[in-house]
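Asker: Contents are CSV, C-alpha atoms; file name my_file28.csv:
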chain,number,residue,atom,x,y,z
G,9,MET,CA,30.0,-14.6,11.2
G,10,THR,CA,30.0,-11.4,13.3
G,11,ASP,CA,31.5,-9.4,10.4
G,12,THR,CA,28.8,-10.7,8.1
G,13,PHE,CA,26.0,-9.5,10.4
G,14,LEU,CA,27.7,-6.2,10.9
G,15,THR,CA,28.1,-5.8,7.1
G,16,MET,CA,24.4,-6.6,6.6
G,17,ALA,CA,23.4,-4.0,9.2
G,18,TYR,CA,25.5,-1.2,7.8
G,19,ALA,CA,24.6,-2.1,4.2
G,20,ILE,CA,20.9,-1.8,5.2
G,21,ALA,CA,21.6,1.6,6.8
G,22,ALA,CA,23.5,2.8,3.6
G,23,GLY,CA,20.6,1.7,1.4
G,24,SER,CA,18.1,3.5,3.7
G,25,ILE,CA,20.1,6.7,3.5
G,26,GLY,CA,20.4,6.4,-0.3
G,27,PHE,CA,16.7,6.0,-0.6
G,28,ALA,CA,15.9,8.9,1.7
G,29,LEU,CA,18.3,11.1,-0.2
G,30,ALA,CA,16.6,10.3,-3.5
G,31,MET,CA,13.2,11.0,-2.0
G,32,ALA,CA,14.3,14.2,-0.4
G,33,VAL,CA,15.9,15.6,-3.5
G,34,THR,CA,12.9,14.8,-5.7
G,35,HIS,CA,10.2,15.8,-3.1
G,36,ARG,CA,8.4,19.0,-3.7
G,37,GLY,CA,6.7,21.1,-1.1
G,38,GLN,CA,9.3,21.4,1.6
G,39,ARG,CA,11.1,24.7,2.2
G,40,ARG,CA,14.5,24.6,0.6
G,41,ASP,CA,16.6,25.1,3.8
G,42,ARG,CA,14.8,22.2,5.5
G,43,THR,CA,15.6,19.9,2.6
G,44,VAL,CA,19.3,21.1,2.5
G,45,PHE,CA,20.0,20.4,6.1
G,46,PHE,CA,18.1,17.1,6.1
G,47,CYS,CA,20.3,16.0,3.2
G,48,MET,CA,23.4,17.2,5.0
G,49,ALA,CA,22.4,15.1,8.0
G,50,LEU,CA,21.9,12.1,5.8
G,51,LEU,CA,25.3,12.6,4.1
G,52,ALA,CA,27.0,12.8,7.5
G,53,LEU,CA,25.3,9.6,8.6
G,54,LEU,CA,26.3,8.0,5.3
G,55,ALA,CA,30.0,8.9,6.0
G,56,HIS,CA,29.7,7.2,9.4
G,57,VAL,CA,28.0,4.1,7.9
G,58,LEU,CA,30.5,3.8,5.0
G,59,GLY,CA,33.4,4.2,7.5
G,60,GLN,CA,32.0,1.2,9.5
G,61,LEU,CA,31.4,-0.8,6.3
G,62,LEU,CA,35.0,-0.2,5.2
G,63,VAL,CA,36.2,-1.9,8.4
G,64,VAL,CA,33.7,-4.7,9.0
G,65,SER,CA,33.7,-5.9,5.3
G,66,ASP,CA,37.5,-5.9,5.1
G,67,ALA,CA,37.3,-3.5,2.2
G,68,TYR,CA,40.0,-1.4,4.0
G,69,ARG,CA,42.6,-3.9,2.6
G,70,LEU,CA,41.7,-2.5,-0.9
G,71,ALA,CA,41.7,1.2,0.2
G,72,PRO,CA,43.6,1.6,3.5
G,73,HIS,CA,44.1,5.3,2.8
G,74,LEU,CA,40.3,5.8,3.4
G,75,VAL,CA,40.4,4.4,6.9
G,76,GLY,CA,39.6,7.3,9.3
G,77,ALA,CA,38.6,9.7,6.5
G,78,GLU,CA,35.0,9.6,7.7
G,79,PHE,CA,35.9,11.4,11.0
G,80,VAL,CA,36.0,14.8,9.3
G,81,PHE,CA,32.5,14.4,7.7
G,82,LYS,CA,31.0,12.8,10.9
G,83,MET,CA,31.8,16.1,12.7
G,84,LEU,CA,29.0,17.7,10.6
G,85,LEU,CA,26.4,15.2,11.9
G,86,GLY,CA,25.4,17.0,15.1
G,87,PRO,CA,25.4,20.5,13.5
G,88,SER,CA,23.3,19.4,10.5
G,89,VAL,CA,20.7,17.7,12.7
G,90,TYR,CA,20.5,20.9,14.8
G,91,PHE,CA,20.1,23.1,11.7
G,92,PHE,CA,17.5,20.7,10.3
G,93,ALA,CA,15.6,20.9,13.6
G,94,ARG,CA,15.9,24.7,13.6
G,95,ALA,CA,14.6,25.0,10.1
G,96,LEU,CA,11.7,22.8,11.0
G,97,VAL,CA,10.6,24.8,14.0
G,98,SER,CA,11.3,28.2,12.5
G,99,THR,CA,8.3,30.0,11.0
G,100,GLU,CA,10.5,31.9,8.6
G,101,LYS,CA,13.7,30.9,6.9
G,102,PRO,CA,16.5,31.5,9.4
G,103,GLY,CA,19.7,33.2,8.3
G,104,PHE,CA,23.1,31.6,8.6
G,105,GLY,CA,25.7,33.7,10.3
G,106,GLY,CA,27.3,34.6,13.6
G,107,ARG,CA,27.9,31.6,15.8
G,108,ASP,CA,26.6,29.3,13.0
G,109,TRP,CA,30.1,29.4,11.5
G,110,MET,CA,31.4,27.5,14.5
G,111,VAL,CA,30.1,24.4,12.7
G,112,LEU,CA,33.4,24.4,10.8
G,113,LEU,CA,35.4,24.1,14.1
G,114,GLY,CA,34.6,20.4,14.4
G,115,PRO,CA,35.9,19.4,11.0
G,116,VAL,CA,39.0,21.5,11.3
G,117,LEU,CA,39.9,20.0,14.7
G,118,ALA,CA,39.1,16.5,13.2
G,119,ILE,CA,41.6,17.2,10.4
G,120,LEU,CA,44.3,18.3,12.8
G,121,VAL,CA,43.7,15.2,14.9
G,122,THR,CA,43.8,12.8,12.0
G,123,VAL,CA,46.8,14.3,10.2
G,124,PRO,CA,49.4,12.0,11.9
G,125,PHE,CA,47.4,8.8,11.1
G,126,ALA,CA,46.7,10.0,7.5
G,127,SER,CA,50.4,10.6,6.9
G,128,LEU,CA,51.0,6.8,7.3
G,129,SER,CA,51.5,4.9,4.1
G,130,ALA,CA,49.0,2.2,3.0
G,131,GLU,CA,51.5,-0.5,3.9
G,132,GLU,CA,52.1,0.9,7.4
G,133,LYS,CA,48.3,1.1,8.0
G,134,LEU,CA,47.8,-2.5,6.9
G,135,ALA,CA,50.6,-3.6,9.2
G,136,LEU,CA,48.6,-2.3,12.2
G,137,VAL,CA,46.0,-5.0,11.7
G,138,ASP,CA,48.3,-7.8,12.8
G,139,PRO,CA,50.1,-7.5,16.2
G,140,ALA,CA,53.0,-9.4,14.8
G,141,THR,CA,53.7,-6.8,12.1
G,142,ARG,CA,52.5,-3.5,13.6
G,143,ASN,CA,54.9,-0.8,14.4
G,144,PRO,CA,54.5,0.3,18.1
G,145,ASP,CA,54.9,4.0,17.3
G,146,HIS,CA,52.4,3.8,14.4
G,147,PHE,CA,50.0,1.9,16.7
G,148,ARG,CA,50.2,4.6,19.3
G,149,ILE,CA,49.4,7.1,16.6
G,150,ALA,CA,46.4,5.0,15.6
G,151,VAL,CA,45.2,4.7,19.2
G,152,PHE,CA,45.6,8.5,19.7
G,153,THR,CA,43.7,9.3,16.5
G,154,CYS,CA,40.9,7.0,17.3
G,155,THR,CA,40.5,8.2,20.9
G,156,ALA,CA,40.8,11.9,20.2
G,157,SER,CA,38.4,11.7,17.2
G,158,LEU,CA,35.9,9.8,19.3
G,159,VAL,CA,36.0,12.3,22.2
G,160,LEU,CA,35.8,15.2,19.7
G,161,PHE,CA,32.9,13.6,17.9
G,162,LEU,CA,30.9,12.8,21.0
G,163,SER,CA,31.5,16.3,22.5
G,164,VAL,CA,30.5,18.3,19.4
G,165,THR,CA,27.6,16.0,18.6
G,166,ALA,CA,26.2,15.9,22.1
G,167,ALA,CA,26.3,19.8,22.3
G,168,TYR,CA,24.3,20.1,19.1
G,169,LEU,CA,21.9,17.3,19.9
G,170,VAL,CA,21.0,18.8,23.3
G,171,THR,CA,20.4,22.1,21.6
G,172,ALA,CA,18.2,20.5,19.0
G,173,LEU,CA,16.2,18.7,21.7
G,174,ARG,CA,15.7,22.0,23.5
G,175,LEU,CA,14.4,23.6,20.2
G,176,GLN,CA,12.0,20.7,19.7
G,177,MET,CA,10.7,21.0,23.3
G,178,ARG,CA,10.1,24.7,23.0
G,179,HIS,CA,8.4,24.2,19.7
G,180,ARG,CA,6.1,21.6,21.2
G,181,GLN,CA,5.2,23.9,24.0
G,182,ARG,CA,4.3,26.6,21.5
G,183,MET,CA,2.1,24.2,19.6
G,184,MET,CA,0.3,23.1,22.8
G,185,GLU,CA,-0.5,26.8,23.4
G,186,GLN,CA,-2.2,27.1,20.1
G,187,PHE,CA,-3.7,23.8,18.9
G,188,ALA,CA,-5.8,21.0,20.4
G,189,ASN,CA,-4.2,18.3,18.3
G,190,ILE,CA,-0.4,18.6,17.7
G,191,GLU,CA,0.6,15.2,16.3
G,192,ARG,CA,1.6,16.6,12.9
G,193,ARG,CA,3.1,19.7,14.4
G,194,SER,CA,5.0,18.7,17.5
G,195,LEU,CA,8.0,16.8,15.9
G,196,ASP,CA,7.9,14.2,18.6
G,197,TRP,CA,9.4,11.7,16.2
G,198,LEU,CA,12.5,13.9,15.9
G,199,ARG,CA,12.9,13.9,19.7
G,200,MET,CA,12.7,10.1,19.8
G,201,ILE,CA,15.2,9.6,17.0
G,202,LEU,CA,17.6,12.0,18.6
G,203,LEU,CA,17.4,10.2,21.9
G,204,VAL,CA,18.0,6.9,20.1
G,205,PHE,CA,21.0,8.3,18.3
G,206,ALA,CA,22.4,9.7,21.5
G,207,GLY,CA,22.1,6.3,23.2
G,208,ALA,CA,23.5,4.4,20.1
G,209,TRP,CA,26.6,6.7,19.9
G,210,LEU,CA,27.2,6.4,23.7
G,211,PHE,CA,27.3,2.6,23.3
G,212,PHE,CA,29.4,3.1,20.2
G,213,ALA,CA,31.9,5.0,22.4
G,214,ILE,CA,31.9,2.1,24.9
G,215,LYS,CA,32.5,-0.3,22.0
G,216,GLN,CA,35.5,1.7,20.9
G,217,VAL,CA,36.9,1.8,24.4
G,218,LEU,CA,36.5,-1.9,24.7
G,219,TRP,CA,38.3,-2.3,21.4
G,220,LEU,CA,41.2,-0.2,22.6
G,221,THR,CA,41.6,-2.6,25.6
G,222,GLY,CA,41.5,-5.6,23.3
G,223,THR,CA,38.0,-6.6,24.4
G,224,SER,CA,35.1,-7.4,22.1
G,225,PHE,CA,31.5,-8.6,22.6
G,226,PRO,CA,30.2,-9.8,19.2
G,227,VAL,CA,26.5,-9.8,20.3
G,228,PHE,CA,26.8,-6.3,21.6
G,229,ASN,CA,28.4,-5.1,18.4
G,230,ILE,CA,25.7,-6.7,16.3
G,231,LEU,CA,22.9,-5.3,18.4
G,232,LEU,CA,24.5,-1.9,18.2
G,233,ALA,CA,24.8,-2.0,14.5
G,234,PHE,CA,21.2,-3.0,13.9
G,235,THR,CA,20.0,-0.4,16.3
G,236,GLU,CA,21.9,2.2,14.4
G,237,ALA,CA,20.5,0.9,11.1
G,238,LEU,CA,16.9,1.0,12.4
G,239,ALA,CA,17.4,4.5,13.8
G,240,ILE,CA,18.9,5.8,10.6
G,241,ALA,CA,16.1,4.2,8.5
G,242,ALA,CA,13.5,5.7,10.8
G,243,PHE,CA,15.1,9.2,10.6
G,244,GLY,CA,15.2,9.0,6.8
G,245,PHE,CA,11.6,7.7,6.5
G,246,LEU,CA,10.1,10.1,8.9
G,247,GLY,CA,12.2,13.0,7.7
G,248,VAL,CA,10.9,12.6,4.2
G,249,ARG,CA,7.3,12.2,5.3
G,250,GLN,CA,7.4,15.2,7.7
G,251,PRO,CA,4.8,17.6,6.2
G,252,ASP,CA,5.9,21.2,5.7
G,253,LEU,CA,4.9,23.1,8.8
G,254,PRO,CA,3.1,26.4,8.2
G,255,SER,CA,5.5,29.2,7.2
G,256,ARG,CA,3.5,31.5,9.5
G,257,ALA,CA,2.3,30.5,12.9
G,258,GLU,CA,0.3,32.3,15.5
G,259,PRO,CA,2.5,34.7,17.6
G,260,ARG,CA,3.2,33.3,21.1
G,261,ALA,CA,1.5,35.1,23.9
G,262,GLU,CA,4.2,35.7,26.5
G,263,VAL,CA,1.8,35.9,29.4
G,264,ALA,CA,3.9,34.0,31.9
G,265,ALA,CA,6.8,36.5,31.7
G,266,ARG,CA,4.9,39.6,32.5
G,267,ARG,CA,2.3,40.9,34.9
G,268,PRO,CA,-1.4,40.0,34.1
G,269,ILE,CA,-3.3,42.7,32.3
G,270,LEU,CA,-6.7,41.2,33.2
G,271,THR,CA,-8.3,41.3,36.6
G,272,ASP,CA,-9.2,38.2,38.5
G,273,GLN,CA,-12.9,38.9,37.9
G,274,ARG,CA,-12.3,39.4,34.2
G,275,MET,CA,-10.4,36.1,33.9
G,276,SER,CA,-13.1,34.3,35.9
G,277,ARG,CA,-15.7,35.5,33.4
G,278,THR,CA,-13.5,34.6,30.5
G,279,ALA,CA,-12.8,31.1,31.9
G,280,ALA,CA,-16.6,30.6,32.3
G,281,LYS,CA,-17.2,31.7,28.7
G,282,LEU,CA,-14.5,29.3,27.4
G,283,LYS,CA,-15.8,26.3,29.4
G,284,GLN,CA,-19.3,27.0,28.2
G,285,ALA,CA,-18.1,27.2,24.6
G,286,LEU,CA,-16.4,23.8,24.9
G,287,GLN,CA,-19.2,22.1,27.0
G,288,THR,CA,-22.4,23.5,25.6
G,289,ASP,CA,-21.3,24.0,22.0
G,290,GLN,CA,-19.1,20.8,22.1
G,291,LEU,CA,-16.2,22.6,20.4
G,292,TYR,CA,-13.8,20.0,21.9
G,293,ALA,CA,-15.1,17.5,19.2
G,294,ASP,CA,-13.5,19.6,16.5
G,295,SER,CA,-10.2,17.9,15.8
G,296,THR,CA,-8.9,21.1,14.0
G,297,LEU,CA,-9.8,23.3,17.0
G,298,SER,CA,-7.2,26.0,17.5
G,299,LEU,CA,-6.7,29.1,19.7
G,300,ARG,CA,-7.6,31.3,16.8
G,301,THR,CA,-10.8,29.3,16.1
G,302,LEU,CA,-11.9,29.6,19.8
G,303,SER,CA,-11.1,33.3,19.7
G,304,ASP,CA,-13.2,33.9,16.7
G,305,ILE,CA,-16.2,31.9,18.1
G,306,THR,CA,-16.1,33.4,21.6
G,307,GLY,CA,-15.1,36.9,20.6
G,308,VAL,CA,-12.3,36.9,23.2
G,309,THR,CA,-8.8,37.8,21.9
G,310,LYS,CA,-6.1,35.2,21.7
G,311,ASN,CA,-3.9,37.0,24.2
G,312,HIS,CA,-6.8,37.2,26.7
G,313,ILE,CA,-7.6,33.5,26.3
G,314,SER,CA,-3.9,32.5,26.7
G,315,GLU,CA,-3.6,34.7,29.8
G,316,THR,CA,-6.8,33.3,31.3
G,317,LEU,CA,-5.6,29.7,30.7
G,318,SER,CA,-2.1,30.4,32.0
G,319,GLN,CA,-2.7,32.8,34.9
G,320,HIS,CA,-6.2,31.8,36.1
G,321,LEU,CA,-6.6,28.1,35.2
G,322,GLY,CA,-2.9,27.1,35.2
G,323,ILE,CA,-3.3,25.1,32.0
G,324,ASN,CA,-2.4,25.5,28.4
G,325,PHE,CA,-4.8,25.4,25.4
G,326,PHE,CA,-3.9,21.8,24.5
G,327,ASP,CA,-4.6,20.4,27.9
G,328,PHE,CA,-7.7,22.6,28.4
G,329,VAL,CA,-9.4,21.1,25.4
G,330,ASN,CA,-8.2,17.6,26.0
G,331,LEU,CA,-9.5,17.8,29.6
G,332,HIS,CA,-13.0,18.4,28.2
G,333,ARG,CA,-12.5,15.6,25.7
G,334,ALA,CA,-11.5,13.2,28.4
G,335,ASP,CA,-14.6,14.1,30.5
G,336,GLU,CA,-16.9,13.3,27.5
G,337,ALA,CA,-14.9,10.1,26.8
G,338,LYS,CA,-15.5,9.0,30.4
G,339,ARG,CA,-19.3,9.3,29.9
G,340,LEU,CA,-19.1,7.4,26.6
G,341,LEU,CA,-16.9,4.6,28.1
G,342,SER,CA,-19.3,4.2,31.0
G,343,GLU,CA,-22.6,4.4,29.2
G,344,THR,CA,-22.0,3.0,25.7
G,345,GLU,CA,-20.4,-0.1,24.2
G,346,ARG,CA,-18.4,1.8,21.5
G,347,ASN,CA,-14.8,0.8,21.1
G,348,THR,CA,-12.1,3.2,22.2
G,349,LEU,CA,-11.2,4.3,18.7
G,350,GLU,CA,-14.7,5.4,17.9
G,351,ILE,CA,-14.9,7.3,21.1
G,352,ALA,CA,-11.5,8.9,20.5
G,353,LEU,CA,-12.6,10.2,17.1
G,354,GLU,CA,-16.0,11.3,18.3
G,355,VAL,CA,-14.5,13.5,21.1
G,356,GLY,CA,-12.0,15.1,18.8
G,357,PHE,CA,-8.8,13.0,18.9
G,358,ASN,CA,-7.1,12.0,15.7
G,359,SER,CA,-5.7,8.6,16.9
G,360,ARG,CA,-6.1,6.0,19.5
G,361,SER,CA,-2.5,6.6,20.9
G,362,THR,CA,-3.0,10.3,21.5
G,363,PHE,CA,-6.4,9.5,23.1
G,364,ASN,CA,-4.9,6.9,25.4
G,365,ALA,CA,-2.1,9.3,26.5
G,366,ALA,CA,-4.4,12.3,27.1
G,367,PHE,CA,-7.1,10.2,28.9
G,368,LYS,CA,-4.5,8.6,31.2
G,369,LYS,CA,-3.0,12.0,31.9
G,370,HIS,CA,-6.3,13.7,32.9
G,371,VAL,CA,-8.2,10.7,34.4
G,372,GLY,CA,-5.3,8.8,35.9
G,373,ALA,CA,-6.0,5.4,34.2
G,374,PRO,CA,-6.1,4.1,30.6
G,375,PRO,CA,-9.5,4.0,28.9
G,376,SER,CA,-9.8,0.2,29.1
G,377,GLN,CA,-9.1,0.2,32.8
G,378,TYR,CA,-11.5,3.1,33.4
G,379,ARG,CA,-14.3,1.2,31.5
G,380,ALA,CA,-13.7,-2.0,33.4
G,381,GLU,CA,-13.8,-0.2,36.7
G,382,ALA,CA,-16.9,1.8,35.7
G,383,ARG,CA,-18.7,-1.5,34.7
G,384,SER,CA,-17.6,-3.1,37.9
G,385,ALA,CA,-18.9,-0.2,40.0
G,386,ARG,CA,-22.2,-0.2,38.1
G,387,SER,CA,-22.6,-4.0,38.6
G,388,LYS,CA,-22.0,-3.6,42.3
G,389,GLY,CA,-24.4,-0.7,42.5
G,390,LEU,CA,-27.1,-2.8,40.8
G,391,GLU,CA,-26.4,-5.7,43.1
G,392,ASN,CA,-26.7,-3.5,46.2
G,393,ALA,CA,-29.9,-2.0,44.8
G,394,ALA,CA,-31.4,-5.5,44.3
G,395,HIS,CA,-30.5,-6.5,47.8
Take the structure from the file and write it as structure tokens.

Answerer:
Amino acid sequence: MTDTFLTMAYAIAAGSIGFALAMAVTHRGQRRDRTVFFCMALLALLAHVLGQLLVVSDAYRLAPHLVGAEFVFKMLLGPSVYFFARALVSTEKPGFGGRDWMVLLGPVLAILVTVPFASLSAEEKLALVDPATRNPDHFRIAVFTCTASLVLFLSVTAAYLVTALRLQMRHRQRMMEQFANIERRSLDWLRMILLVFAGAWLFFAIKQVLWLTGTSFPVFNILLAFTEALAIAAFGFLGVRQPDLPSRAEPRAEVAARRPILTDQRMSRTAAKLKQALQTDQLYADSTLSLRTLSDITGVTKNHISETLSQHLGINFFDFVNLHRADEAKRLLSETERNTLEIALEVGFNSRSTFNAAFKKHVGAPPSQYRAEARSARSKGLENAAH
């Protein structure tokens, strides 16, 4: 029964990958390097999934020579995810060279590690399944190959995933310095998928260690397989739907790394001008508001705005705008009966979730709690006034 559920989970994952590959290849509008690395990541995931299917479905009895062959291709998973993330956050198509060629080191090491096991005949590999027929020397080779390949895979993949996460976080910070809404630009979905992958592969390592000790927990194995399947399906779906980011973004103002060029008085006047533009002209309500737009309206250069926000107010553009949105949302929650989605859209947010997160960050409580407390305080005020 366990193998049936495992086969179902990995079959679902394989189908999801196939669908995502078909969509990615036929999709138009993405930069070519982004599509290539996305497809490479999907193919590496497919190698992992097919390797698991080969074992859990007992198909290895028909093709024992394929057992372990996926290790070499799996070594490209971490690098391809990293290159995909790098392509997404790069405003221009990055070149491939220098240290990038180290991507081949993983597969080469995997080949060297798996050579002893690959040299076994089909009959010798099949004999390893049954303790009564296995050759002790051959079994030691299998255990060494499995352990070494697992350590190699986790080490290489972890290094590339951490690097990809750092790329995404730096990209998110750049977007927060330039835009008031970043849902379609921040690539937060990629960070969540990478974290899920990291957790799943860590538990996969635990599963392999337990297998080496002769221990197995069927429920654990099934949950792990379905978690992987869902994460793979989400990666394929969201990767295909990710809109092409602008090929040219605003240059980042490196104001934190150098001495301020504006005096405190100049920054104070600029800050007052920015606040007036948001409050009086209600620019915060524009869901497409950007640093460039605010610069054009106020007549203050983007660098001066960035420096004022960073050095004088200690805040980035994203939080500066959302702080004013949250202030207006507080008034609407207290004085009107509109639902939270209507209020969120009116003050400039694109969704309820981003509104809730920003409101809680700047106010300290979710919108629903703030409204309830505001109503309670107003009721008490009326009662006191009546008395």

Asker: Skipping near chain neighbours, those fewer than 4 positions away, what residues fall within 10 Å of Pro124 of chain G using only C-alpha atoms, listed as a PyMOL selection string?

Answerer: chain G and resi 119-120+128+146+149-150+152-153

Asker: Could you check which of G:Gly86, G:Lys281, G:Ser314, G:Thr309 is closest to Trp209 of chain G, using only C-alpha atoms?

Answerer: G:Gly86

Asker: May I ask which of the residues G:Ser318, G:Gln290, G:Ser129, G:Thr155 is the closest one to Met184 of chain G, counting only C-alpha atoms?

Answerer: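 Ranked by minimum distance to Met184 of chain G, first place goes to G:Ser318.
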
Asker: When you look at Phe234 of chain G with a cut-off of 10 Å (counting only C-alpha atoms), what residues show up, excluding the ones that are within fewer than 5 positions of it in the same chain? I need them as a VMD selection string.

Answerer: chain G and resid 13 to 14 16 to 18 20 to 21 208 229 239 to 240

Asker: So that I can see what lies close to Gln181 of chain G, please list as a ChimeraX atom specification the residues with an atom at most 10 Å from it, counting all atoms listed in the file and leaving out residues fewer than 6 positions away in the same chain.

Answerer: /G:175,190,194,324,326

Asker: Which residue out of G:Ile323, G:Ala67, G:Leu299, G:Ile25 has the minimum interatomic distance to Ala188 of chain G when all atoms listed in the file are used?

Answerer: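 Under the stated criterion, the closest residue is G:Leu299.
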
Asker: Which residues, written as a CSV table (one decimal) with C-alpha atoms, in the frame of the given file, have at least one atom at most 9 Å from Phe81 of chain G, with only C-alpha atoms counted and residues fewer than 4 positions away on the same chain left out?

Answerer:
chain,number,residue,atom,x,y,z
G,51,LEU,CA,25.3,12.6,4.1
G,52,ALA,CA,27.0,12.8,7.5
G,53,LEU,CA,25.3,9.6,8.6
G,55,ALA,CA,30.0,8.9,6.0
G,56,HIS,CA,29.7,7.2,9.4
G,77,ALA,CA,38.6,9.7,6.5
G,85,LEU,CA,26.4,15.2,11.9
G,115,PRO,CA,35.9,19.4,11.0
G,118,ALA,CA,39.1,16.5,13.2

Asker: Measure the distance from atom CA of Arg180 of chain G to atom CA of Leu96 of chain G in Å and round it to one decimal.

Answerer: 11.7 Å

Asker: Which of these residues is nearest to Gly372 of chain G, using all atoms listed in the file: G:Val57, G:Ala32, G:Leu340, G:Leu331?

Answerer: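 Selected residue with least distance to Gly372 of chain G: G:Leu331.
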
Asker: Name the closest residue to Met83 of chain G among the candidates G:Ser298, G:Val159, G:Arg386, G:Phe212; distances are taken between atoms, counting all atoms listed in the file.

Answerer: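 Of G:Ser298, G:Val159, G:Arg386, G:Phe212, the one nearest Met83 of chain G is G:Val159, counting all atoms listed in the file.
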
Asker: Closest to Ala130 of chain G among G:Arg193, G:Leu246, G:His73, G:Ala382, using only C-alpha atoms?

Answerer: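 For Ala130 of chain G, the nearest of the given residues is G:His73.
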
Asker: Tell me, as number ranges by chain, which residues lie within 10 Å of Val308 of chain G, counting only C-alpha atoms; anything in the same chain fewer than 6 positions away does not count.

Answerer: G: 278, 281-282, 300, 302

Asker: Would you output that residue set with C-alpha atoms, as a PDB file, in the frame of the given file?

Answerer:
ATOM      1  CA  THR G 278     -13.500  34.600  30.500  1.00  0.00           C
ATOM      2  CA  LYS G 281     -17.200  31.700  28.700  1.00  0.00           C
ATOM      3  CA  LEU G 282     -14.500  29.300  27.400  1.00  0.00           C
ATOM      4  CA  ARG G 300      -7.600  31.300  16.800  1.00  0.00           C
ATOM      5  CA  LEU G 302     -11.900  29.600  19.800  1.00  0.00           C
TER       6      LEU G 302
END

Asker: Calculate how many Å separate atom CA of Val64 of chain G from atom CA of Asp11 of chain G, rounding to one decimal.

Answerer: 5.4 Å

Asker: For segment 102-119 of chain G, which lacks atoms in the input, supply N, CA and C atoms and format the output as a CSV table (one decimal), in the coordinates of the input.

Answerer:
chain,number,residue,atom,x,y,z
G,102,PRO,N,15.5,30.9,8.6
G,102,PRO,CA,16.5,31.5,9.4
G,102,PRO,C,17.8,31.8,8.6
G,103,GLY,N,18.4,32.9,8.9
G,103,GLY,CA,19.7,33.2,8.3
G,103,GLY,C,20.8,32.4,8.8
G,104,PHE,N,21.9,32.4,8.1
G,104,PHE,CA,23.1,31.6,8.6
G,104,PHE,C,24.2,32.6,8.8
G,105,GLY,N,24.7,32.7,10.0
G,105,GLY,CA,25.7,33.7,10.3
G,105,GLY,C,26.0,33.7,11.8
G,106,GLY,N,27.0,34.5,12.2
G,106,GLY,CA,27.3,34.6,13.6
G,106,GLY,C,27.9,33.3,14.1
G,107,ARG,N,27.4,32.8,15.2
G,107,ARG,CA,27.9,31.6,15.8
G,107,ARG,C,27.7,30.3,14.9
G,108,ASP,N,26.8,30.5,13.9
G,108,ASP,CA,26.6,29.3,13.0
G,108,ASP,C,27.9,28.8,12.4
G,109,TRP,N,28.8,29.7,12.1
G,109,TRP,CA,30.1,29.4,11.5
G,109,TRP,C,30.9,28.5,12.4
G,110,MET,N,30.6,28.4,13.6
G,110,MET,CA,31.4,27.5,14.5
G,110,MET,C,31.2,26.1,14.1
G,111,VAL,N,30.3,25.8,13.2
G,111,VAL,CA,30.1,24.4,12.7
G,111,VAL,C,31.4,23.9,12.0
G,112,LEU,N,32.2,24.8,11.5
G,112,LEU,CA,33.4,24.4,10.8
G,112,LEU,C,34.5,24.1,11.8
G,113,LEU,N,34.4,24.4,13.1
G,113,LEU,CA,35.4,24.1,14.1
G,113,LEU,C,35.6,22.6,14.2
G,114,GLY,N,34.5,21.9,14.3
G,114,GLY,CA,34.6,20.4,14.4
G,114,GLY,C,35.4,19.8,13.3
G,115,PRO,N,35.1,20.0,12.1
G,115,PRO,CA,35.9,19.4,11.0
G,115,PRO,C,37.3,19.8,11.0
G,116,VAL,N,37.6,21.1,11.3
G,116,VAL,CA,39.0,21.5,11.3
G,116,VAL,C,39.8,20.8,12.4
G,117,LEU,N,39.2,20.7,13.6
G,117,LEU,CA,39.9,20.0,14.7
G,117,LEU,C,40.0,18.5,14.3
G,118,ALA,N,39.0,17.9,13.6
G,118,ALA,CA,39.1,16.5,13.2
G,118,ALA,C,40.3,16.3,12.2
G,119,ILE,N,40.5,17.3,11.3
G,119,ILE,CA,41.6,17.2,10.4
G,119,ILE,C,42.9,17.3,11.1
